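Below is query_14.txt, holding compact mmCIF, C-alpha atoms.
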```
# COMPACT_ATOMS: atom_id res chain seq x y z
CA MET A 1 -13.43 -1.86 -14.17
CA LYS A 2 -9.74 -2.63 -14.56
CA THR A 3 -7.66 -0.65 -12.12
CA LEU A 4 -4.30 -2.42 -11.90
CA VAL A 5 -2.57 -0.39 -14.59
CA THR A 6 -4.18 2.99 -13.96
CA PRO A 7 -2.13 5.98 -12.86
CA ARG A 8 -4.07 6.12 -9.57
CA HIS A 9 -3.31 2.50 -8.75
CA LYS A 10 0.36 3.09 -9.51
CA ALA A 11 0.29 6.16 -7.26
CA LEU A 12 -1.34 4.15 -4.45
CA VAL A 13 1.26 1.40 -4.75
CA LYS A 14 4.06 3.99 -4.73
CA LEU A 15 2.58 5.67 -1.67
CA LEU A 16 2.44 2.38 0.26
CA ARG A 17 6.00 1.47 -0.67
CA ASP A 18 7.34 4.96 0.04
CA GLU A 19 5.68 5.02 3.47
CA ARG A 20 7.13 1.59 4.32
CA VAL A 21 10.62 2.51 3.12
CA ALA A 22 10.51 5.87 4.95
CA ARG A 23 10.01 3.93 8.18
CA ARG A 24 12.82 1.51 7.29
CA LEU A 25 10.47 -1.46 7.42
CA LEU A 26 11.01 -4.58 5.35
CA GLN A 27 8.19 -6.27 3.49
CA GLY A 28 8.61 -9.25 5.81
CA GLU A 29 8.00 -7.10 8.88
CA ILE A 30 4.75 -5.74 7.47
CA ALA A 31 3.71 -9.27 6.54
CA ARG A 32 4.41 -10.49 10.07
CA ARG A 33 2.36 -7.66 11.53
CA LEU A 34 -0.53 -8.73 9.30
CA GLY A 35 -0.09 -12.46 9.82
CA GLU A 36 0.55 -12.89 6.09
CA HIS A 37 3.36 -14.03 3.83
CA GLN A 38 5.94 -11.57 2.52
CA SER A 39 4.88 -12.48 -1.01
CA LEU A 40 1.54 -10.71 -0.43
CA ILE A 41 3.32 -7.43 0.27
CA SER A 42 5.55 -8.01 -2.74
CA ARG A 43 2.54 -8.54 -5.03
CA ILE A 44 0.90 -5.39 -3.69
CA GLU A 45 4.05 -3.29 -4.11
CA SER A 46 4.73 -4.61 -7.59
CA GLY A 47 1.21 -3.65 -8.66
CA GLN A 48 0.11 -7.24 -9.27
CA ARG A 49 -2.67 -7.14 -6.70
CA ARG A 50 -5.53 -4.70 -6.20
CA ILE A 51 -5.99 -3.14 -2.78
CA ASP A 52 -9.49 -2.56 -1.46
CA LEU A 53 -10.27 0.25 0.95
CA ILE A 54 -10.28 -1.92 4.07
CA GLU A 55 -6.93 -3.48 3.12
CA PHE A 56 -5.54 0.00 2.59
CA PHE A 57 -6.51 1.00 6.13
CA VAL A 58 -5.04 -2.23 7.54
CA LEU A 59 -1.80 -1.69 5.62
CA ALA A 60 -1.60 1.94 6.76
CA ASP A 61 -1.99 0.82 10.36
CA ALA A 62 0.68 -1.87 9.98
CA ILE A 63 3.09 0.60 8.37
CA GLY A 64 2.19 3.46 10.71
CA PHE A 65 0.84 6.31 8.62
CA ASP A 66 -2.40 8.31 8.40
CA PRO A 67 -4.55 6.69 5.71
CA VAL A 68 -6.97 9.61 5.40
CA GLY A 69 -4.19 12.11 4.79
CA ALA A 70 -2.65 9.77 2.24
CA LEU A 71 -5.95 9.38 0.41
CA ARG A 72 -6.35 13.15 0.27
CA LYS A 73 -3.00 13.32 -1.54
CA LEU A 74 -4.23 10.79 -4.09
CA GLN A 75 -7.72 12.26 -4.44
CA SER A 76 -7.01 14.45 -7.43
CA GLY A 77 -4.88 11.81 -9.12
CA PRO A 78 -1.30 11.97 -10.28
```

Written form, structure tokens:
Amino acid sequence: MKTLVTPRHKALVKLLRDERVARRLLQGEIARRLGEHQSLISRIESGQRRIDLIEFFVLADAIGFDPVGALRKLQSGP
């Protein structure tokens, strides 16, 4: 199943970026918290990379938001 261009994937990407920006965090800071390169965060936020459930929880923790509440918002789709 291709999910990169679906409305739900776009909504997930937007949610991650919006949460990061709301906390005034740079992509590089999130990458450092994860022990990754900034380019990974850039690929995720530009929609070039799929995010599995475990990665979503790790990203939510690094950014500092409630992943369950965020998923509830996305549950019904955009």

**Item:** Surrounding residues of Thr3 (chain A) excluding itself and chain neighbours under 5 positions, 12 Å, all atoms listed in the file, as a PyMOL selection string
**Value:** chain A and resi 8-13+47-52

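Residues lying within 10 Å of Leu26 (chain A), counting all atoms listed in the file and ignoring same-chain neighbours fewer than 6 positions away, are Arg17, Arg20, Gln38, Ile41 and Ile63 of chain A.
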
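CA of Gly69 (chain A) lies 22.9 Å from CA of Ala31 (chain A).
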
Residues near region 55-60 of chain A, cut-off 9 Å, all atoms listed in the file, skip fewer than 4 positions along chain, as an MDAnalysis selection string: chainID A and resid 16 19 30 34 51 64:68

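Remark: for Glu29 (chain A), the closest of the candidate residues A:Arg43, A:Lys14, A:Ala62, A:Leu53 is A:Ala62 (distances computed over all atoms listed in the file).
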
Taken to one decimal, the CA of Ala70 (chain A)-CA of Leu15 (chain A) distance is 7.7 Å

Of the candidates A:Gln27, A:Asp61, A:Thr6, A:Ala22, which one gets nearest to Ile44 (chain A) if we count all atoms listed in the file?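 Of A:Gln27, A:Asp61, A:Thr6, A:Ala22, the one nearest Ile44 (chain A), counting all atoms listed in the file, is A:Gln27.
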
From the structure just shown, export chain A with C-alpha atoms as a PDB file, in the first residue's frame.
```pdb
ATOM      1  CA  MET A   1       0.000   0.000   0.000  1.00  0.00           C
ATOM      2  CA  LYS A   2       1.375   3.383  -0.981  1.00  0.00           C
ATOM      3  CA  THR A   3       0.886   5.916   1.773  1.00  0.00           C
ATOM      4  CA  LEU A   4       3.314   8.758   1.039  1.00  0.00           C
ATOM      5  CA  VAL A   5       0.898  10.881  -0.954  1.00  0.00           C
ATOM      6  CA  THR A   6      -2.304  10.144   0.938  1.00  0.00           C
ATOM      7  CA  PRO A   7      -4.189  12.864   2.790  1.00  0.00           C
ATOM      8  CA  ARG A   8      -3.579  11.064   6.102  1.00  0.00           C
ATOM      9  CA  HIS A   9       0.171  10.944   5.568  1.00  0.00           C
ATOM     10  CA  LYS A  10       0.175  14.638   4.692  1.00  0.00           C
ATOM     11  CA  ALA A  11      -1.834  15.335   7.849  1.00  0.00           C
ATOM     12  CA  LEU A  12       0.627  13.315   9.953  1.00  0.00           C
ATOM     13  CA  VAL A  13       3.589  15.173   8.491  1.00  0.00           C
ATOM     14  CA  LYS A  14       1.862  18.512   9.113  1.00  0.00           C
ATOM     15  CA  LEU A  15       1.086  17.517  12.689  1.00  0.00           C
ATOM     16  CA  LEU A  16       4.727  16.624  13.397  1.00  0.00           C
ATOM     17  CA  ARG A  17       6.011  19.842  11.863  1.00  0.00           C
ATOM     18  CA  ASP A  18       3.379  21.994  13.583  1.00  0.00           C
ATOM     19  CA  GLU A  19       4.178  20.443  16.974  1.00  0.00           C
ATOM     20  CA  ARG A  20       7.907  21.039  16.461  1.00  0.00           C
ATOM     21  CA  VAL A  21       7.421  24.630  15.312  1.00  0.00           C
ATOM     22  CA  ALA A  22       4.987  25.356  18.180  1.00  0.00           C
ATOM     23  CA  ARG A  23       7.785  24.458  20.590  1.00  0.00           C
ATOM     24  CA  ARG A  24      10.287  26.584  18.654  1.00  0.00           C
ATOM     25  CA  LEU A  25      12.514  23.591  17.998  1.00  0.00           C
ATOM     26  CA  LEU A  26      14.741  23.341  14.952  1.00  0.00           C
ATOM     27  CA  GLN A  27      14.999  20.173  12.909  1.00  0.00           C
ATOM     28  CA  GLY A  28      18.619  19.892  14.025  1.00  0.00           C
ATOM     29  CA  GLU A  29      17.619  19.863  17.688  1.00  0.00           C
ATOM     30  CA  ILE A  30      15.171  17.019  17.154  1.00  0.00           C
ATOM     31  CA  ALA A  31      17.816  15.143  15.180  1.00  0.00           C
ATOM     32  CA  ARG A  32      20.334  15.582  18.003  1.00  0.00           C
ATOM     33  CA  ARG A  33      17.819  14.291  20.528  1.00  0.00           C
ATOM     34  CA  LEU A  34      17.370  11.201  18.359  1.00  0.00           C
ATOM     35  CA  GLY A  35      21.049  10.737  17.540  1.00  0.00           C
ATOM     36  CA  GLU A  36      20.254  11.202  13.843  1.00  0.00           C
ATOM     37  CA  HIS A  37      21.117  13.628  11.059  1.00  0.00           C
ATOM     38  CA  GLN A  38      18.981  16.698  10.429  1.00  0.00           C
ATOM     39  CA  SER A  39      18.333  15.400   6.917  1.00  0.00           C
ATOM     40  CA  LEU A  40      16.190  12.591   8.383  1.00  0.00           C
ATOM     41  CA  ILE A  41      13.849  15.120   9.985  1.00  0.00           C
ATOM     42  CA  SER A  42      13.798  17.101   6.753  1.00  0.00           C
ATOM     43  CA  ARG A  43      12.811  14.023   4.723  1.00  0.00           C
ATOM     44  CA  ILE A  44      10.056  13.207   7.209  1.00  0.00           C
ATOM     45  CA  GLU A  45       8.695  16.761   7.225  1.00  0.00           C
ATOM     46  CA  SER A  46       8.812  17.058   3.446  1.00  0.00           C
ATOM     47  CA  GLY A  47       6.789  13.855   3.118  1.00  0.00           C
ATOM     48  CA  GLN A  48       9.601  11.916   1.437  1.00  0.00           C
ATOM     49  CA  ARG A  49       9.802   9.280   4.145  1.00  0.00           C
ATOM     50  CA  ARG A  50       7.135   7.094   5.725  1.00  0.00           C
ATOM     51  CA  ILE A  51       6.818   7.071   9.496  1.00  0.00           C
ATOM     52  CA  ASP A  52       5.993   3.834  11.268  1.00  0.00           C
ATOM     53  CA  LEU A  53       4.114   3.788  14.558  1.00  0.00           C
ATOM     54  CA  ILE A  54       7.189   3.293  16.740  1.00  0.00           C
ATOM     55  CA  GLU A  55       9.003   6.160  14.987  1.00  0.00           C
ATOM     56  CA  PHE A  56       5.960   8.342  15.544  1.00  0.00           C
ATOM     57  CA  PHE A  57       6.089   7.690  19.284  1.00  0.00           C
ATOM     58  CA  VAL A  58       9.852   8.362  19.366  1.00  0.00           C
ATOM     59  CA  LEU A  59       9.391  11.606  17.432  1.00  0.00           C
ATOM     60  CA  ALA A  60       6.536  12.685  19.718  1.00  0.00           C
ATOM     61  CA  ASP A  61       8.743  12.089  22.744  1.00  0.00           C
ATOM     62  CA  ALA A  62      11.641  14.036  21.214  1.00  0.00           C
ATOM     63  CA  ILE A  63       9.356  16.942  20.310  1.00  0.00           C
ATOM     64  CA  GLY A  64       7.385  16.788  23.552  1.00  0.00           C
ATOM     65  CA  PHE A  65       3.752  16.134  22.702  1.00  0.00           C
ATOM     66  CA  ASP A  66       1.146  13.467  23.495  1.00  0.00           C
ATOM     67  CA  PRO A  67       1.203  10.951  20.634  1.00  0.00           C
ATOM     68  CA  VAL A  68      -2.099   9.301  21.577  1.00  0.00           C
ATOM     69  CA  GLY A  69      -3.976  12.584  21.578  1.00  0.00           C
ATOM     70  CA  ALA A  70      -2.412  13.486  18.253  1.00  0.00           C
ATOM     71  CA  LEU A  71      -3.423  10.165  16.727  1.00  0.00           C
ATOM     72  CA  ARG A  72      -6.990  10.681  17.912  1.00  0.00           C
ATOM     73  CA  LYS A  73      -7.051  13.945  15.958  1.00  0.00           C
ATOM     74  CA  LEU A  74      -5.927  12.109  12.831  1.00  0.00           C
ATOM     75  CA  GLN A  75      -8.152   9.071  13.347  1.00  0.00           C
ATOM     76  CA  SER A  76     -11.042  10.245  11.227  1.00  0.00           C
ATOM     77  CA  GLY A  77      -8.766  11.650   8.539  1.00  0.00           C
ATOM     78  CA  PRO A  78      -8.532  15.151   7.153  1.00  0.00           C
TER      79      PRO A  78
END
```
